[in-house]
Amino acid sequence: MAREGLAAVLNAPGEDVAVEEILLDPPGPGEVQVRLAASGVCHTDLTVKNQNGAGMKFPIVLGHEGAGWVEEVGEGVTHLQPGDPVVIAYRAPCGQCPACRRGDPRHCYMALRPGIRLHRKRDGAPCSQVLRCGTFATHTNVHGAAAIKMPPGMPLDKACLIACGVITGVGAAFNTSPVFPGASVAVVGCGGVGLSVIQGAKLANARQIIGVDVNPVKLDWARKFGATDVVDARAGDPVAAVRALVKDPWPAYEGGVDFAYEATGRMECIEQAVRMVNYNGIATTIGFPGPDDTVTLNVGNIDTGVYWNKVNLRVCHAGDTLPSWDFPLLAQFYLEGKLDLDSMVTGVISLSDVEQAFHAMEHENVIRSVIRF
Ligand SMILES: [Zn+2]
Ligand SMILES: [Zn+2]
């Protein structure tokens, strides 16, 4: 029996998001159906709208930062049962690609996806789901391996944040370029992802965490979430400012951080991150680039070139997460008071408010808007 639901849908290129009635087929083998409790609104959903579907077929059910309860399990699903609280992961490793086969599922080439089970009710059109999730909906169907069980007591309207923004930032500091105890860290861009990098660096016992942004509100957030210092990038060269701030036990030290994370998607910020790190330091780019975005890196300058400074540049995709390990861990950190998710929610909205949330994301100081169902 098909189940009826409601979803925030992109029906055609250039159109605003519309709330539509949907029909969900029962979950197929290995799949689960989830009744959503909450979903964060991530910038990637807006990107899908702005890029006219970003290659997906219309209609498209938006949303990929959701948490809820298992409603129904498909054939062969034994690790979950109806009523289980879950966060939906968009990168459940496939188990078959070369990375998975060599035991490195954090770098899986492709994620598991459900079959096409969602349809627009008025005409039966099959719906795409953003990042295999489609969480701007009262119900969705996902691959069983993508539904990650939450520990008892974990509030789902906070747990949802783990799925994208929080794991991307914390995972950059844990997995992509792991911060070691006593490290110095710079974070360029202190929005939701950058603040999560700051929280991850703090959890990893960084000695110094320097938040960099052009927005004073975001610099206040950075301090609140664990930055020991902040740099207003409007006030001069942020690279020089960061290097001047680095406090190192070795007095002859000339500055530069052990780790610099760029969480803006701006090319000049990648270049800045590269120039902020010390000898053998690691710069990590997290933000979404455009198709023609390019950076220029000096290689040979004896003082600042990437060769002589032995600079590493890494790319973080979704925090290089292994959701089945990372998501329950982050929930545990939340329950122990070590990971602040409460302060990341700057607005609670309903399903019909997605367009307003997109507008606020671009024009106001928002960390995360969360849809509650
Ligand atoms: Zn996202
Ligand atoms: Zn794989």
# chains A, B, ... in the order shown; residues from 1 in each chain; ligands from 1
$ residues_near_ligand --ligand "ligand 2" --cutoff "9 Å" --atoms "only C-alpha atoms and all ligand atoms" --output "JSON, numbers by chain"
{"A": [92, 93, 94, 95, 96, 97, 98, 99, 100, 101, 104, 105, 106, 107, 108, 109, 110, 111, 112]}
$ write_last_selection --atoms "all heavy atoms" --output "CSV table (one decimal), in the first residue's frame"
chain,number,residue,atom,x,y,z
A,92,ALA,N,26.2,6.5,2.6
A,92,ALA,CA,26.4,5.2,3.2
A,92,ALA,C,27.3,4.4,2.2
A,92,ALA,O,26.9,4.2,1.0
A,92,ALA,CB,25.1,4.5,3.3
A,93,PRO,N,28.4,3.9,2.6
A,93,PRO,CA,29.4,3.3,1.7
A,93,PRO,C,28.8,2.1,1.0
A,93,PRO,O,28.1,1.3,1.6
A,93,PRO,CB,30.6,3.0,2.6
A,93,PRO,CG,30.1,3.0,4.0
A,93,PRO,CD,28.9,3.9,4.0
A,94,CYS,N,29.3,1.9,-0.3
A,94,CYS,CA,28.7,0.9,-1.1
A,94,CYS,C,29.2,-0.5,-0.9
A,94,CYS,O,28.5,-1.5,-1.2
A,94,CYS,CB,28.9,1.2,-2.6
A,94,CYS,SG,30.6,0.9,-3.1
A,95,GLY,N,30.4,-0.7,-0.3
A,95,GLY,CA,30.9,-2.0,0.0
A,95,GLY,C,31.6,-2.7,-1.2
A,95,GLY,O,32.1,-3.8,-1.1
A,96,GLN,N,31.5,-2.1,-2.4
A,96,GLN,CA,32.0,-2.7,-3.6
A,96,GLN,C,33.0,-2.0,-4.4
A,96,GLN,O,33.7,-2.6,-5.2
A,96,GLN,CB,30.8,-2.9,-4.5
A,96,GLN,CG,29.5,-3.4,-3.8
A,96,GLN,CD,28.8,-4.4,-4.6
A,96,GLN,OE1,28.7,-4.4,-5.8
A,96,GLN,NE2,28.2,-5.4,-3.9
A,97,CYS,N,33.1,-0.7,-4.2
A,97,CYS,CA,34.1,0.1,-5.0
A,97,CYS,C,35.5,-0.2,-4.5
A,97,CYS,O,35.7,-0.9,-3.5
A,97,CYS,CB,33.8,1.6,-4.9
A,97,CYS,SG,34.2,2.3,-3.3
A,98,PRO,N,36.5,0.2,-5.2
A,98,PRO,CA,37.9,-0.1,-4.8
A,98,PRO,C,38.2,0.4,-3.4
A,98,PRO,O,38.9,-0.4,-2.7
A,98,PRO,CB,38.8,0.6,-5.9
A,98,PRO,CG,37.9,0.6,-7.1
A,98,PRO,CD,36.5,0.8,-6.6
A,99,ALA,N,37.7,1.5,-3.0
A,99,ALA,CA,38.0,2.0,-1.7
A,99,ALA,C,37.4,1.1,-0.6
A,99,ALA,O,38.1,0.7,0.3
A,99,ALA,CB,37.5,3.5,-1.5
A,100,CYS,N,36.1,0.8,-0.8
A,100,CYS,CA,35.5,-0.1,0.1
A,100,CYS,C,36.2,-1.5,0.2
A,100,CYS,O,36.4,-2.0,1.3
A,100,CYS,CB,34.0,-0.3,-0.2
A,100,CYS,SG,33.0,1.2,0.2
A,101,ARG,N,36.5,-2.0,-1.0
A,101,ARG,CA,37.1,-3.3,-1.0
A,101,ARG,C,38.5,-3.4,-0.3
A,101,ARG,O,38.9,-4.4,0.2
A,101,ARG,CB,37.3,-3.8,-2.5
A,101,ARG,CG,36.0,-4.0,-3.2
A,101,ARG,CD,36.1,-5.1,-4.3
A,101,ARG,NE,37.2,-4.8,-5.2
A,101,ARG,CZ,37.2,-4.0,-6.2
A,101,ARG,NH1,36.1,-3.3,-6.5
A,101,ARG,NH2,38.2,-3.8,-7.0
A,104,ASP,N,38.5,0.9,3.1
A,104,ASP,CA,38.6,2.4,3.4
A,104,ASP,C,37.2,3.0,3.0
A,104,ASP,O,37.1,3.8,2.1
A,104,ASP,CB,39.7,3.0,2.5
A,104,ASP,CG,39.9,4.4,2.8
A,104,ASP,OD1,39.4,4.9,3.8
A,104,ASP,OD2,40.5,5.1,1.9
A,105,PRO,N,36.2,2.6,3.7
A,105,PRO,CA,34.8,3.1,3.3
A,105,PRO,C,34.6,4.6,3.5
A,105,PRO,O,33.7,5.1,2.9
A,105,PRO,CB,33.9,2.3,4.3
A,105,PRO,CG,34.7,1.9,5.5
A,105,PRO,CD,36.1,1.7,4.9
A,106,ARG,N,35.5,5.2,4.3
A,106,ARG,CA,35.4,6.7,4.4
A,106,ARG,C,35.6,7.4,3.0
A,106,ARG,O,35.2,8.5,2.8
A,106,ARG,CB,36.4,7.3,5.4
A,106,ARG,CG,36.1,6.9,6.8
A,106,ARG,CD,37.0,7.7,7.8
A,106,ARG,NE,36.7,7.2,9.1
A,106,ARG,CZ,35.7,7.7,9.9
A,106,ARG,NH1,34.9,8.6,9.4
A,106,ARG,NH2,35.5,7.2,11.1
A,107,HIS,N,36.3,6.7,2.1
A,107,HIS,CA,36.5,7.2,0.8
A,107,HIS,C,35.8,6.5,-0.3
A,107,HIS,O,36.3,6.4,-1.5
A,107,HIS,CB,38.1,7.3,0.6
A,107,HIS,CG,38.7,8.2,1.6
A,107,HIS,ND1,39.7,7.7,2.4
A,107,HIS,CD2,38.5,9.5,1.9
A,107,HIS,CE1,40.1,8.7,3.2
A,107,HIS,NE2,39.4,9.8,2.9
A,108,CYS,N,34.7,5.9,0.0
A,108,CYS,CA,33.8,5.2,-1.0
A,108,CYS,C,33.5,6.2,-2.1
A,108,CYS,O,33.3,7.3,-2.0
A,108,CYS,CB,32.5,4.8,-0.3
A,108,CYS,SG,31.3,4.1,-1.4
A,109,TYR,N,33.6,5.6,-3.3
A,109,TYR,CA,33.4,6.4,-4.6
A,109,TYR,C,31.9,6.7,-4.8
A,109,TYR,O,31.6,7.7,-5.5
A,109,TYR,CB,33.8,5.6,-5.8
A,109,TYR,CG,35.2,5.2,-5.9
A,109,TYR,CD1,36.1,5.4,-4.9
A,109,TYR,CD2,35.7,4.7,-7.1
A,109,TYR,CE1,37.5,5.1,-5.0
A,109,TYR,CE2,37.1,4.4,-7.3
A,109,TYR,CZ,37.9,4.6,-6.2
A,109,TYR,OH,39.2,4.2,-6.4
A,110,MET,N,31.0,5.9,-4.2
A,110,MET,CA,29.6,6.1,-4.5
A,110,MET,C,28.7,5.6,-3.3
A,110,MET,O,29.1,4.7,-2.6
A,110,MET,CB,29.1,5.4,-5.8
A,110,MET,CG,29.5,3.9,-5.7
A,110,MET,SD,29.4,3.2,-7.3
A,110,MET,CE,30.1,1.6,-7.0
A,111,ALA,N,27.6,6.3,-3.1
A,111,ALA,CA,26.8,5.9,-1.9
A,111,ALA,C,25.7,5.0,-2.3
A,111,ALA,O,25.3,5.0,-3.5
A,111,ALA,CB,26.3,7.2,-1.3
A,112,LEU,N,25.2,4.2,-1.4
A,112,LEU,CA,24.0,3.4,-1.7
A,112,LEU,C,22.8,4.2,-1.8
A,112,LEU,O,22.6,5.2,-1.1
A,112,LEU,CB,23.8,2.4,-0.5
A,112,LEU,CG,24.9,1.3,-0.3
A,112,LEU,CD1,24.8,0.6,1.0
A,112,LEU,CD2,24.9,0.4,-1.5
$ residues_near_ligand --ligand "ligand 1" --cutoff "8 Å" --atoms "only C-alpha atoms and all ligand atoms" --output "PyMOL selection string"
chain A and resi 41-45+64-65+163-165
$ residues_around --residues "Cys127 in chain A" --least-positions-apart "4" --cutoff "6 Å" --atoms "only C-alpha atoms" --output "MDAnalysis selection string"
chainID A and resid 59:60 118:119
$ residues_around --residues "Trp325 in chain A" --least-positions-apart "3" --cutoff "12 Å" --atoms "only C-alpha atoms" --output "NGL selection string"
:A and (89 or 92-93 or 105-106 or 145-146 or 148-150 or 167 or 171 or 175 or 320-322 or 328-332)
$ write_last_selection --atoms "N, CA and C atoms" --output "CSV table (one decimal), in the first residue's frame"
chain,number,residue,atom,x,y,z
A,89,ALA,N,21.8,9.3,6.5
A,89,ALA,CA,23.1,9.6,6.0
A,89,ALA,C,23.1,9.7,4.4
A,92,ALA,N,26.2,6.5,2.6
A,92,ALA,CA,26.4,5.2,3.2
A,92,ALA,C,27.3,4.4,2.2
A,93,PRO,N,28.4,3.9,2.6
A,93,PRO,CA,29.4,3.3,1.7
A,93,PRO,C,28.8,2.1,1.0
A,105,PRO,N,36.2,2.6,3.7
A,105,PRO,CA,34.8,3.1,3.3
A,105,PRO,C,34.6,4.6,3.5
A,106,ARG,N,35.5,5.2,4.3
A,106,ARG,CA,35.4,6.7,4.4
A,106,ARG,C,35.6,7.4,3.0
A,145,ALA,N,21.1,1.0,4.9
A,145,ALA,CA,22.4,1.3,5.5
A,145,ALA,C,22.6,2.8,5.7
A,146,ALA,N,21.7,3.6,5.1
A,146,ALA,CA,21.7,5.1,5.3
A,146,ALA,C,20.9,5.6,6.5
A,148,ILE,N,20.8,5.6,10.3
A,148,ILE,CA,21.7,5.4,11.4
A,148,ILE,C,21.0,5.6,12.7
A,149,LYS,N,20.9,4.5,13.5
A,149,LYS,CA,20.2,4.5,14.7
A,149,LYS,C,20.8,5.5,15.7
A,150,MET,N,20.0,6.2,16.4
A,150,MET,CA,20.4,7.2,17.4
A,150,MET,C,20.3,6.5,18.8
A,167,ILE,N,28.7,17.1,10.6
A,167,ILE,CA,29.7,16.0,10.3
A,167,ILE,C,30.7,16.6,9.3
A,171,GLY,N,34.0,16.4,10.9
A,171,GLY,CA,34.8,15.3,10.2
A,171,GLY,C,36.0,15.9,9.5
A,175,ASN,N,38.7,13.5,10.5
A,175,ASN,CA,39.0,12.5,9.5
A,175,ASN,C,39.8,13.0,8.4
A,320,ASP,N,34.5,13.3,5.2
A,320,ASP,CA,35.0,11.9,5.0
A,320,ASP,C,34.4,10.9,6.0
A,321,THR,N,33.1,11.0,6.1
A,321,THR,CA,32.4,10.3,7.2
A,321,THR,C,32.1,8.9,6.9
A,322,LEU,N,32.2,8.1,8.0
A,322,LEU,CA,31.6,6.7,8.0
A,322,LEU,C,30.4,6.8,8.9
A,328,PRO,N,26.6,8.1,15.6
A,328,PRO,CA,26.3,7.8,17.1
A,328,PRO,C,27.3,8.4,18.0
A,329,LEU,N,28.6,8.6,17.5
A,329,LEU,CA,29.6,9.2,18.3
A,329,LEU,C,29.3,10.7,18.6
A,330,LEU,N,28.9,11.4,17.5
A,330,LEU,CA,28.6,12.8,17.7
A,330,LEU,C,27.3,12.9,18.5
A,331,ALA,N,26.4,12.0,18.4
A,331,ALA,CA,25.2,12.1,19.3
A,331,ALA,C,25.6,11.9,20.8
A,332,GLN,N,26.6,11.0,21.0
A,332,GLN,CA,27.1,10.8,22.3
A,332,GLN,C,27.8,12.0,22.9
$ residues_around --residues "Val231 in chain A" --least-positions-apart "6" --cutoff "12 Å" --atoms "only C-alpha atoms" --output "list in words"
Ala186, Val187, Val188, Gly189, Cys190, Ile209, Ile210, Gly211, Val212, Asp213, Val214, Asn215, Pro216, Lys218, Leu219, Asp220, Ala222, Arg223, Asp237, Pro238, Val239, Ala240, Ala241, Val242, Arg243, Ala244, Leu245 and Val246 of chain A
$ residues_around --residues "range 25-29 of chain A" --least-positions-apart "6" --cutoff "10 Å" --atoms "only C-alpha atoms" --output "list in words"
Met1, Ala2, Arg3, Glu4, Glu71, Glu72, Val73, Gly74, Glu75, Gly76, Val77, Pro114, Gly115, Ile116, Arg117, Leu118, His119, Thr140, Asn141, Val142, His143 and Gly144 of chain A
$ write_last_selection --atoms "N, CA and C atoms" --output "CSV table (one decimal), in the first residue's frame"
chain,number,residue,atom,x,y,z
A,1,MET,N,0.8,-1.2,0.0
A,1,MET,CA,0.0,0.0,0.0
A,1,MET,C,0.9,1.3,0.0
A,2,ALA,N,0.6,2.1,-0.9
A,2,ALA,CA,1.3,3.4,-0.9
A,2,ALA,C,0.9,4.2,0.3
A,3,ARG,N,1.9,5.0,0.8
A,3,ARG,CA,1.6,5.9,1.9
A,3,ARG,C,1.5,7.3,1.4
A,4,GLU,N,0.7,8.1,1.9
A,4,GLU,CA,0.6,9.5,1.5
A,4,GLU,C,1.4,10.4,2.4
A,71,GLU,N,9.6,3.8,9.9
A,71,GLU,CA,8.1,3.6,9.8
A,71,GLU,C,7.9,2.1,9.4
A,72,GLU,N,8.8,1.7,8.4
A,72,GLU,CA,8.6,0.4,7.8
A,72,GLU,C,9.9,-0.1,7.3
A,73,VAL,N,10.2,-1.4,7.4
A,73,VAL,CA,11.5,-1.9,6.9
A,73,VAL,C,11.2,-2.8,5.7
A,74,GLY,N,12.1,-2.8,4.7
A,74,GLY,CA,12.0,-3.6,3.5
A,74,GLY,C,12.6,-5.0,3.8
A,75,GLU,N,12.3,-5.9,2.9
A,75,GLU,CA,12.8,-7.3,3.0
A,75,GLU,C,14.4,-7.3,3.2
A,76,GLY,N,14.8,-8.1,4.2
A,76,GLY,CA,16.2,-8.3,4.4
A,76,GLY,C,16.8,-7.3,5.4
A,77,VAL,N,16.0,-6.3,5.8
A,77,VAL,CA,16.6,-5.3,6.8
A,77,VAL,C,16.4,-5.9,8.2
A,114,PRO,N,18.4,4.3,-2.7
A,114,PRO,CA,17.1,3.5,-2.7
A,114,PRO,C,16.6,3.5,-4.2
A,115,GLY,N,15.7,2.6,-4.4
A,115,GLY,CA,15.0,2.6,-5.7
A,115,GLY,C,14.0,3.9,-5.8
A,116,ILE,N,13.4,4.1,-6.9
A,116,ILE,CA,12.5,5.2,-7.0
A,116,ILE,C,11.2,4.8,-6.5
A,117,ARG,N,10.9,5.4,-5.3
A,117,ARG,CA,9.7,5.0,-4.5
A,117,ARG,C,8.7,6.2,-4.3
A,118,LEU,N,9.2,7.4,-4.6
A,118,LEU,CA,8.4,8.6,-4.3
A,118,LEU,C,7.8,9.1,-5.6
A,119,HIS,N,6.5,9.5,-5.5
A,119,HIS,CA,5.8,10.0,-6.7
A,119,HIS,C,5.0,11.2,-6.3
A,140,THR,N,10.0,9.6,3.9
A,140,THR,CA,10.9,9.4,2.7
A,140,THR,C,11.3,7.9,2.8
A,141,ASN,N,11.8,7.4,1.7
A,141,ASN,CA,12.4,6.1,1.6
A,141,ASN,C,13.9,6.2,1.4
A,142,VAL,N,14.7,5.5,2.1
A,142,VAL,CA,16.2,5.5,1.9
A,142,VAL,C,16.7,4.1,2.0
A,143,HIS,N,18.0,4.0,1.6
A,143,HIS,CA,18.7,2.7,1.8
A,143,HIS,C,18.8,2.4,3.3
A,144,GLY,N,18.6,1.1,3.6
A,144,GLY,CA,18.7,0.8,5.0
A,144,GLY,C,20.0,1.1,5.7
$ residues_around --residues "Thr138 in chain A" --least-positions-apart "3" --cutoff "12 Å" --atoms "only C-alpha atoms" --output "VMD selection string"
chain A and resid 3 to 8 19 to 24 33 to 39 61 to 63 66 to 69 71 118 134 to 135 141 350 to 352 371 to 373
$ closest_residue --among "A:Gly103, A:Pro155, A:Gly337, A:Gly191" --to "Glu364 in chain A" --atoms "only C-alpha atoms"
A:Gly191
$ closest_atom_pairs --of "range 104-214 of chain A" --to "range 252-273 of chain A" --cutoff "9 Å" --atoms "only C-alpha atoms" --output "CSV"
residue,atom,partner,partner_atom,distance
A:Gly169,CA,A:Ala263,CA,8.2
A:Ala172,CA,A:Tyr261,CA,7.9
A:Ala173,CA,A:Tyr261,CA,8.4
A:Ser177,CA,A:Phe259,CA,7.7
A:Pro178,CA,A:Phe259,CA,8.8
A:Val179,CA,A:Phe259,CA,7.3
A:Ala183,CA,A:Asp258,CA,6.0
A:Ser184,CA,A:Val257,CA,5.1
A:Val185,CA,A:Phe259,CA,4.8
A:Ala186,CA,A:Ala260,CA,4.6
A:Val187,CA,A:Tyr261,CA,4.9
A:Val188,CA,A:Glu262,CA,4.8
A:Gly189,CA,A:Ala263,CA,5.1
A:Cys190,CA,A:Ala263,CA,7.3
A:Gly191,CA,A:Ala263,CA,7.8
A:Gly192,CA,A:Ala263,CA,9.0
A:Val193,CA,A:Ala263,CA,6.3
A:Gly194,CA,A:Ala263,CA,5.4
A:Val197,CA,A:Tyr261,CA,7.7
A:Gln208,CA,A:Val257,CA,8.9
$ write_last_selection --atoms "all heavy atoms" --output "mmCIF file, in the first residue's frame"
data_model
loop_
_atom_site.group_PDB
_atom_site.id
_atom_site.type_symbol
_atom_site.label_atom_id
_atom_site.label_comp_id
_atom_site.auth_asym_id
_atom_site.auth_seq_id
_atom_site.Cartn_x
_atom_site.Cartn_y
_atom_site.Cartn_z
ATOM 1 N N GLY A 169 31.995 19.582 9.102
ATOM 2 C CA GLY A 169 33.004 20.371 9.819
ATOM 3 C C GLY A 169 33.773 19.546 10.830
ATOM 4 O O GLY A 169 35.014 19.546 10.842
ATOM 5 N N ALA A 172 36.012 17.116 9.066
ATOM 6 C CA ALA A 172 37.235 17.699 8.495
ATOM 7 C C ALA A 172 38.344 17.679 9.535
ATOM 8 O O ALA A 172 39.501 17.366 9.227
ATOM 9 C CB ALA A 172 36.967 19.130 8.022
ATOM 10 N N ALA A 173 37.983 17.997 10.796
ATOM 11 C CA ALA A 173 38.975 18.063 11.883
ATOM 12 C C ALA A 173 39.293 16.690 12.483
ATOM 13 O O ALA A 173 40.315 16.535 13.146
ATOM 14 C CB ALA A 173 38.466 19.005 12.978
ATOM 15 N N SER A 177 41.700 15.797 7.906
ATOM 16 C CA SER A 177 43.003 16.306 8.352
ATOM 17 C C SER A 177 42.972 16.301 9.870
ATOM 18 O O SER A 177 42.685 17.327 10.498
ATOM 19 C CB SER A 177 43.214 17.724 7.823
ATOM 20 O OG SER A 177 43.036 17.759 6.425
ATOM 21 N N PRO A 178 43.220 15.135 10.489
ATOM 22 C CA PRO A 178 42.968 14.998 11.925
ATOM 23 C C PRO A 178 43.851 15.911 12.781
ATOM 24 O O PRO A 178 45.076 15.887 12.680
ATOM 25 C CB PRO A 178 43.281 13.519 12.200
ATOM 26 C CG PRO A 178 43.231 12.845 10.868
ATOM 27 C CD PRO A 178 43.653 13.884 9.871
ATOM 28 N N VAL A 179 43.199 16.721 13.583
ATOM 29 C CA VAL A 179 43.877 17.634 14.500
ATOM 30 C C VAL A 179 44.504 16.810 15.622
ATOM 31 O O VAL A 179 43.852 15.944 16.201
ATOM 32 C CB VAL A 179 42.860 18.644 15.080
ATOM 33 C CG1 VAL A 179 43.457 19.435 16.242
ATOM 34 C CG2 VAL A 179 42.371 19.585 13.980
ATOM 35 N N ALA A 183 47.613 21.084 18.779
ATOM 36 C CA ALA A 183 47.794 21.714 17.464
ATOM 37 C C ALA A 183 47.260 23.144 17.462
ATOM 38 O O ALA A 183 46.404 23.518 18.260
ATOM 39 C CB ALA A 183 47.069 20.896 16.394
ATOM 40 N N SER A 184 47.771 23.930 16.527
ATOM 41 C CA SER A 184 47.204 25.247 16.243
ATOM 42 C C SER A 184 46.376 25.143 14.961
ATOM 43 O O SER A 184 46.771 24.466 14.010
ATOM 44 C CB SER A 184 48.304 26.291 16.096
ATOM 45 O OG SER A 184 49.279 25.850 15.166
ATOM 46 N N VAL A 185 45.219 25.815 14.984
ATOM 47 C CA VAL A 185 44.223 25.633 13.922
ATOM 48 C C VAL A 185 43.665 26.993 13.508
ATOM 49 O O VAL A 185 43.387 27.827 14.375
ATOM 50 C CB VAL A 185 43.059 24.742 14.439
ATOM 51 C CG1 VAL A 185 41.935 24.649 13.422
ATOM 52 C CG2 VAL A 185 43.559 23.348 14.811
ATOM 53 N N ALA A 186 43.524 27.212 12.200
ATOM 54 C CA ALA A 186 42.784 28.376 11.707
ATOM 55 C C ALA A 186 41.572 27.883 10.923
ATOM 56 O O ALA A 186 41.663 26.880 10.200
ATOM 57 C CB ALA A 186 43.668 29.241 10.813
ATOM 58 N N VAL A 187 40.460 28.573 11.086
ATOM 59 C CA VAL A 187 39.239 28.224 10.360
ATOM 60 C C VAL A 187 38.766 29.473 9.623
ATOM 61 O O VAL A 187 38.405 30.474 10.250
ATOM 62 C CB VAL A 187 38.149 27.716 11.331
ATOM 63 C CG1 VAL A 187 36.882 27.378 10.563
ATOM 64 C CG2 VAL A 187 38.643 26.496 12.109
ATOM 65 N N VAL A 188 38.810 29.403 8.287
ATOM 66 C CA VAL A 188 38.435 30.541 7.457
ATOM 67 C C VAL A 188 36.981 30.369 7.042
ATOM 68 O O VAL A 188 36.650 29.450 6.278
ATOM 69 C CB VAL A 188 39.345 30.649 6.219
ATOM 70 C CG1 VAL A 188 38.995 31.886 5.408
ATOM 71 C CG2 VAL A 188 40.817 30.662 6.624
ATOM 72 N N GLY A 189 36.110 31.226 7.575
ATOM 73 C CA GLY A 189 34.677 31.105 7.319
ATOM 74 C C GLY A 189 34.004 30.473 8.515
ATOM 75 O O GLY A 189 34.202 29.284 8.782
ATOM 76 N N CYS A 190 33.238 31.258 9.260
ATOM 77 C CA CYS A 190 32.661 30.776 10.519
ATOM 78 C C CYS A 190 31.141 30.694 10.445
ATOM 79 O O CYS A 190 30.418 31.133 11.341
ATOM 80 C CB CYS A 190 33.133 31.645 11.679
ATOM 81 S SG CYS A 190 34.930 31.608 11.873
ATOM 82 N N GLY A 191 30.629 30.127 9.347
ATOM 83 C CA GLY A 191 29.220 29.744 9.260
ATOM 84 C C GLY A 191 29.049 28.371 9.895
ATOM 85 O O GLY A 191 29.908 27.909 10.645
ATOM 86 N N GLY A 192 27.946 27.706 9.560
ATOM 87 C CA GLY A 192 27.633 26.429 10.205
ATOM 88 C C GLY A 192 28.739 25.389 10.088
ATOM 89 O O GLY A 192 29.074 24.707 11.059
ATOM 90 N N VAL A 193 29.349 25.269 8.910
ATOM 91 C CA VAL A 193 30.405 24.269 8.733
ATOM 92 C C VAL A 193 31.672 24.696 9.479
ATOM 93 O O VAL A 193 32.279 23.900 10.205
ATOM 94 C CB VAL A 193 30.686 24.022 7.237
ATOM 95 C CG1 VAL A 193 31.922 23.161 7.051
ATOM 96 C CG2 VAL A 193 29.483 23.359 6.579
ATOM 97 N N GLY A 194 32.064 25.970 9.326
ATOM 98 C CA GLY A 194 33.261 26.449 10.016
ATOM 99 C C GLY A 194 33.131 26.316 11.529
ATOM 100 O O GLY A 194 34.082 25.922 12.213
ATOM 101 N N VAL A 197 33.869 22.885 12.388
ATOM 102 C CA VAL A 197 35.314 22.619 12.408
ATOM 103 C C VAL A 197 35.884 23.073 13.756
ATOM 104 O O VAL A 197 36.683 22.361 14.379
ATOM 105 C CB VAL A 197 36.049 23.353 11.267
ATOM 106 C CG1 VAL A 197 37.552 23.085 11.359
ATOM 107 C CG2 VAL A 197 35.528 22.935 9.899
ATOM 108 N N GLN A 208 45.222 26.020 20.131
ATOM 109 C CA GLN A 208 44.789 27.353 19.703
ATOM 110 C C GLN A 208 43.896 27.204 18.478
ATOM 111 O O GLN A 208 44.225 26.453 17.547
ATOM 112 C CB GLN A 208 46.019 28.197 19.348
ATOM 113 C CG GLN A 208 45.686 29.660 19.088
ATOM 114 C CD GLN A 208 46.927 30.515 18.853
ATOM 115 O OE1 GLN A 208 48.009 30.001 18.585
ATOM 116 N NE2 GLN A 208 46.762 31.821 18.959
#
$ atom_distance --atom1 "CA of Gly290 in chain A" --atom2 "CA of Val130 in chain A"
18.5 Å
$ select_by_dssp --residues "range 112-241 of chain A" --states "helix (DSSP H, G or I)" --output "NGL selection string"
:A and (130-132 or 144-146 or 156-176 or 192-203 or 216-225 or 233-235 or 238-241)
$ atom_distance --atom1 "CA of Val86 in chain A" --atom2 "CA of Pro151 in chain A"
8.9 Å
$ closest_residue --among "A:Ile302, A:Ile349, A:Met344, A:Leu195" --to "Ile367 in chain A" --atoms "only C-alpha atoms"
A:Met344
$ decode --residues "range 262-269 of chain A" --atoms "N, CA, C and O atoms" --output "mmCIF file, in the first residue's frame"
data_model
loop_
_atom_site.group_PDB
_atom_site.id
_atom_site.type_symbol
_atom_site.label_atom_id
_atom_site.label_comp_id
_atom_site.auth_asym_id
_atom_site.auth_seq_id
_atom_site.Cartn_x
_atom_site.Cartn_y
_atom_site.Cartn_z
ATOM 1 N N GLU A 262 39.374 25.813 5.177
ATOM 2 C CA GLU A 262 38.601 26.817 4.434
ATOM 3 C C GLU A 262 37.170 26.307 4.334
ATOM 4 O O GLU A 262 36.932 25.211 3.824
ATOM 5 N N ALA A 263 36.217 27.081 4.855
ATOM 6 C CA ALA A 263 34.805 26.657 4.844
ATOM 7 C C ALA A 263 33.933 27.738 4.223
ATOM 8 O O ALA A 263 32.907 28.135 4.779
ATOM 9 N N THR A 264 34.354 28.235 3.066
ATOM 10 C CA THR A 264 33.621 29.329 2.418
ATOM 11 C C THR A 264 33.253 29.015 0.973
ATOM 12 O O THR A 264 32.309 29.591 0.440
ATOM 13 N N GLY A 265 34.036 28.166 0.317
ATOM 14 C CA GLY A 265 33.857 27.963 -1.119
ATOM 15 C C GLY A 265 34.444 29.087 -1.955
ATOM 16 O O GLY A 265 34.254 29.121 -3.168
ATOM 17 N N ARG A 266 35.174 29.999 -1.321
ATOM 18 C CA ARG A 266 35.801 31.113 -2.051
ATOM 19 C C ARG A 266 37.265 30.776 -2.327
ATOM 20 O O ARG A 266 38.005 30.360 -1.449
ATOM 21 N N MET A 267 37.665 31.011 -3.580
ATOM 22 C CA MET A 267 39.000 30.592 -3.994
ATOM 23 C C MET A 267 40.106 31.325 -3.241
ATOM 24 O O MET A 267 41.125 30.747 -2.884
ATOM 25 N N GLU A 268 39.917 32.632 -2.987
ATOM 26 C CA GLU A 268 40.989 33.349 -2.292
ATOM 27 C C GLU A 268 41.171 32.819 -0.872
ATOM 28 O O GLU A 268 42.252 32.904 -0.310
ATOM 29 N N CYS A 269 40.107 32.217 -0.335
ATOM 30 C CA CYS A 269 40.224 31.651 1.019
ATOM 31 C C CYS A 269 41.038 30.353 1.004
ATOM 32 O O CYS A 269 41.729 30.033 1.975
#
